[in-house]
Amino acid sequence: MTKTAELTLFADYFQLHVSDADSDGDLSDAWTPQAVADHLAVARDALGIGTAVNVHVSVTVALLPQEPDDDSSEFDHVVEASLDVSRGRLSVQGCTDYAPEAAAFEVLPGWNRVRVSRSNLARAIEADVDSDEHLATTEKVRIEVWPAPGAPSKVIKRWT
């Protein structure tokens, strides 16, 4: 059964975080030049998602029973990585949000796969700091999560 949630998160420092809610979510060594280019920083229990803007973004979180179909043609940039969620509590938040108040979701404990699909990037960049004032210019981020063994991260579709 698929469960979804709609969030509006402040993408401070041009990033969002998805992590094991019980971890410290330390991504300090994960933001390599390649991670910046891929818009995805990966640690065992935390992911940093690069955004196009440094304002509020629209986020949809979808918890899935299995890998979804590939619909990357509908998005500007799509990346995927594995995340170890030891106790089954997944946290989704803005980079500087207060972790105990972050949105938390129940997932199967252990390895999960996370696909991040982003859209409306050109319009958001054009509107810049005002991009979150109108739905037509707001960056949209979809985060899909399903149980799966650990695997290397990958860029499915690159936005340039």
# chains A, B, ... in the order shown; residues from 1 in each chain; ligands from 1
call {"tool": "residues_around", "arguments": {"residues": "Ala35 of chain A", "least_positions_apart": "2", "cutoff": "12 Å", "atoms": "only C-alpha atoms", "output": "tab-separated table (two decimals) with N, CA and C atoms, in the first residue's frame"}}
result
chain	number	residue	atom	x	y	z
A	15	GLN	N	19.50	22.74	0.01
A	15	GLN	CA	19.45	21.30	0.23
A	15	GLN	C	18.33	20.89	1.19
A	27	LEU	N	26.40	14.79	7.06
A	27	LEU	CA	26.74	14.75	5.65
A	27	LEU	C	27.98	15.59	5.34
A	28	SER	N	28.72	15.99	6.36
A	28	SER	CA	29.83	16.92	6.16
A	28	SER	C	30.87	16.41	5.18
A	29	ASP	N	31.16	15.12	5.16
A	29	ASP	CA	32.13	14.57	4.22
A	29	ASP	C	31.49	14.07	2.93
A	30	ALA	N	30.18	14.08	2.86
A	30	ALA	CA	29.47	13.50	1.71
A	30	ALA	C	29.30	14.49	0.55
A	31	TRP	N	29.41	15.79	0.83
A	31	TRP	CA	29.22	16.78	-0.24
A	31	TRP	C	30.52	16.96	-1.02
A	32	THR	N	30.87	15.96	-1.78
A	32	THR	CA	32.05	16.00	-2.65
A	32	THR	C	31.70	16.79	-3.92
A	33	PRO	N	32.70	17.14	-4.74
A	33	PRO	CA	32.37	17.79	-6.02
A	33	PRO	C	31.41	16.96	-6.87
A	37	ALA	N	27.59	17.99	-8.18
A	37	ALA	CA	27.18	17.86	-9.58
A	37	ALA	C	25.94	16.98	-9.73
A	38	ASP	N	25.85	15.94	-8.91
A	38	ASP	CA	24.71	15.01	-8.97
A	38	ASP	C	23.51	15.48	-8.18
A	39	HIS	N	23.68	16.53	-7.37
A	39	HIS	CA	22.62	17.03	-6.47
A	39	HIS	C	22.21	15.95	-5.47
A	40	LEU	N	23.19	15.14	-5.04
A	40	LEU	CA	22.90	14.06	-4.11
A	40	LEU	C	24.15	13.69	-3.31
A	41	ALA	N	24.10	13.95	-2.01
A	41	ALA	CA	25.18	13.54	-1.10
A	41	ALA	C	24.71	12.30	-0.36
A	42	VAL	N	25.58	11.28	-0.28
A	42	VAL	CA	25.16	9.99	0.27
A	42	VAL	C	26.06	9.59	1.43
A	43	ALA	N	25.45	9.32	2.57
A	43	ALA	CA	26.09	8.67	3.71
A	43	ALA	C	25.25	7.43	4.00
A	47	LEU	N	20.89	11.21	3.44
A	47	LEU	CA	21.04	11.71	2.08
A	47	LEU	C	20.83	13.21	2.08
A	48	GLY	N	21.65	13.92	1.34
A	48	GLY	CA	21.45	15.34	1.11
A	48	GLY	C	20.98	15.51	-0.32
A	49	ILE	N	19.88	16.20	-0.50
A	49	ILE	CA	19.30	16.43	-1.81
A	49	ILE	C	19.56	17.88	-2.19
A	50	GLY	N	20.30	18.09	-3.25
A	50	GLY	CA	20.55	19.45	-3.72
A	50	GLY	C	19.31	20.01	-4.39
A	79	VAL	N	17.54	11.14	-9.24
A	79	VAL	CA	18.66	10.40	-8.65
A	79	VAL	C	18.11	9.35	-7.70
A	81	ALA	N	19.42	6.45	-4.42
A	81	ALA	CA	20.46	5.95	-3.51
A	81	ALA	C	19.82	5.07	-2.45
A	153	SER	N	24.57	4.47	-5.53
A	153	SER	CA	23.70	5.56	-5.98
A	153	SER	C	23.86	5.75	-7.48
A	154	LYS	N	22.87	6.36	-8.10
A	154	LYS	CA	22.95	6.60	-9.55
A	154	LYS	C	22.11	7.80	-9.94
A	155	VAL	N	22.54	8.42	-11.03
A	155	VAL	CA	21.78	9.49	-11.65
A	155	VAL	C	20.97	8.84	-12.77
call {"tool": "atom_distance", "arguments": {"atom1": "atom CA of Ala124 of chain A", "atom2": "atom CA of Glu139 of chain A"}}
result
5.5 Å
call {"tool": "select_by_dssp", "arguments": {"residues": "segment 17-57 of chain A", "states": "strand (DSSP E)", "output": "ChimeraX atom specification"}}
result
/A:17-20,40-43,46-50,56-57
call {"tool": "write_last_selection", "arguments": {"atoms": "C-alpha atoms", "output": "CSV table (one decimal), in the first residue's frame"}}
result
chain,number,residue,atom,x,y,z
A,17,HIS,CA,17.9,16.0,4.1
A,18,VAL,CA,16.4,12.5,4.2
A,19,SER,CA,17.8,10.3,7.0
A,20,ASP,CA,17.4,7.6,9.6
A,40,LEU,CA,22.9,14.1,-4.1
A,41,ALA,CA,25.2,13.5,-1.1
A,42,VAL,CA,25.2,10.0,0.3
A,43,ALA,CA,26.1,8.7,3.7
A,46,ALA,CA,21.6,10.1,5.5
A,47,LEU,CA,21.0,11.7,2.1
A,48,GLY,CA,21.5,15.3,1.1
A,49,ILE,CA,19.3,16.4,-1.8
A,50,GLY,CA,20.5,19.4,-3.7
A,56,HIS,CA,10.7,26.8,0.2
A,57,VAL,CA,10.1,23.9,-2.1
call {"tool": "closest_residue", "arguments": {"among": "A:Thr137, A:Gln34, A:Thr2, A:Ser58", "to": "Val107 of chain A", "atoms": "only C-alpha atoms"}}
result
A:Thr2
call {"tool": "closest_residue", "arguments": {"among": "A:Ser119, A:Ser131, A:Thr8, A:Gln66", "to": "Glu144 of chain A", "atoms": "only C-alpha atoms"}}
result
A:Gln66
call {"tool": "residues_around", "arguments": {"residues": "Trp146 of chain A", "least_positions_apart": "4", "cutoff": "12 Å", "atoms": "only C-alpha atoms", "output": "PyMOL selection string"}}
result
chain A and resi 1-3+61-68+80-85+88+90+105-115+150
call {"tool": "closest_residue", "arguments": {"among": "A:Glu133, A:Asp22, A:Asp45, A:Asp97", "to": "Leu9 of chain A", "atoms": "only C-alpha atoms"}}
result
A:Asp97
call {"tool": "select_by_dssp", "arguments": {"residues": "chain A", "states": "helix (DSSP H, G or I)", "output": "ChimeraX atom specification"}}
result
/A:12-14,33-38,72-74,99-101,121-133,135-137
call {"tool": "closest_residue", "arguments": {"among": "A:Ile125, A:Ser72, A:Lys140, A:His134", "to": "Ile156 of chain A", "atoms": "only C-alpha atoms"}}
result
A:Ser72
call {"tool": "atom_distance", "arguments": {"atom1": "atom CA of Cys95 of chain A", "atom2": "atom CA of Phe10 of chain A"}}
result
7.7 Å
call {"tool": "atom_distance", "arguments": {"atom1": "atom CA of Ala21 of chain A", "atom2": "atom CA of Ala104 of chain A"}}
result
7.1 Å
call {"tool": "decode", "arguments": {"residues": "segment 108-135 of chain A", "atoms": "N, CA and C atoms", "output": "short mmCIF file (atom, residue, chain, number, x, y, z; two decimals), in the first residue's frame"}}
result
data_model
loop_
_atom_site.label_atom_id
_atom_site.label_comp_id
_atom_site.auth_asym_id
_atom_site.auth_seq_id
_atom_site.Cartn_x
_atom_site.Cartn_y
_atom_site.Cartn_z
N LEU A 108 10.16 0.06 6.62
CA LEU A 108 10.73 -1.18 7.11
C LEU A 108 12.15 -0.92 7.60
N PRO A 109 12.51 -1.45 8.77
CA PRO A 109 13.88 -1.26 9.28
C PRO A 109 14.89 -1.89 8.32
N GLY A 110 16.05 -1.27 8.21
CA GLY A 110 17.11 -1.77 7.36
C GLY A 110 17.25 -0.93 6.10
N TRP A 111 17.74 -1.56 5.05
CA TRP A 111 18.00 -0.84 3.81
C TRP A 111 16.72 -0.51 3.05
N ASN A 112 16.67 0.74 2.60
CA ASN A 112 15.58 1.22 1.76
C ASN A 112 16.22 1.95 0.58
N ARG A 113 15.50 2.00 -0.51
CA ARG A 113 15.94 2.75 -1.69
C ARG A 113 15.15 4.04 -1.75
N VAL A 114 15.83 5.12 -2.11
CA VAL A 114 15.20 6.44 -2.18
C VAL A 114 15.43 7.00 -3.58
N ARG A 115 14.35 7.32 -4.26
CA ARG A 115 14.43 7.98 -5.57
C ARG A 115 13.91 9.40 -5.41
N VAL A 116 14.73 10.35 -5.84
CA VAL A 116 14.39 11.76 -5.74
C VAL A 116 14.20 12.31 -7.15
N SER A 117 12.99 12.77 -7.44
CA SER A 117 12.65 13.32 -8.75
C SER A 117 12.28 14.78 -8.57
N ARG A 118 12.98 15.65 -9.31
CA ARG A 118 12.76 17.10 -9.15
C ARG A 118 12.26 17.70 -10.45
N SER A 119 11.35 18.67 -10.34
CA SER A 119 10.79 19.32 -11.53
C SER A 119 10.57 20.81 -11.29
N ASN A 120 10.28 21.49 -12.38
CA ASN A 120 10.03 22.93 -12.39
C ASN A 120 11.29 23.73 -12.05
N LEU A 121 12.45 23.18 -12.36
CA LEU A 121 13.72 23.78 -11.96
C LEU A 121 14.02 25.08 -12.69
N ALA A 122 13.83 25.13 -14.00
CA ALA A 122 14.13 26.35 -14.76
C ALA A 122 13.26 27.51 -14.30
N ARG A 123 11.99 27.26 -14.11
CA ARG A 123 11.08 28.34 -13.66
C ARG A 123 11.42 28.80 -12.25
N ALA A 124 11.81 27.86 -11.38
CA ALA A 124 12.19 28.22 -10.02
C ALA A 124 13.45 29.08 -10.01
N ILE A 125 14.44 28.69 -10.81
CA ILE A 125 15.68 29.46 -10.87
C ILE A 125 15.42 30.86 -11.43
N GLU A 126 14.57 30.95 -12.45
CA GLU A 126 14.25 32.25 -13.04
C GLU A 126 13.58 33.17 -12.02
N ALA A 127 12.70 32.63 -11.21
CA ALA A 127 12.00 33.43 -10.19
C ALA A 127 12.89 33.68 -8.98
N ASP A 128 13.92 32.87 -8.79
CA ASP A 128 14.92 33.01 -7.73
C ASP A 128 14.26 33.08 -6.35
N VAL A 129 14.56 34.12 -5.57
CA VAL A 129 14.08 34.18 -4.18
C VAL A 129 12.56 34.31 -4.08
N ASP A 130 11.91 34.63 -5.18
CA ASP A 130 10.45 34.74 -5.18
C ASP A 130 9.78 33.47 -5.71
N SER A 131 10.57 32.43 -5.98
CA SER A 131 10.00 31.23 -6.61
C SER A 131 8.93 30.55 -5.78
N ASP A 132 9.02 30.67 -4.46
CA ASP A 132 8.03 29.98 -3.61
C ASP A 132 6.76 30.80 -3.39
N GLU A 133 6.64 31.94 -4.07
CA GLU A 133 5.43 32.76 -3.91
C GLU A 133 4.27 32.29 -4.78
N HIS A 134 4.57 31.49 -5.81
CA HIS A 134 3.54 31.01 -6.72
C HIS A 134 3.80 29.54 -7.04
N LEU A 135 2.76 28.75 -7.10
CA LEU A 135 2.89 27.33 -7.41
C LEU A 135 3.54 27.11 -8.78
#
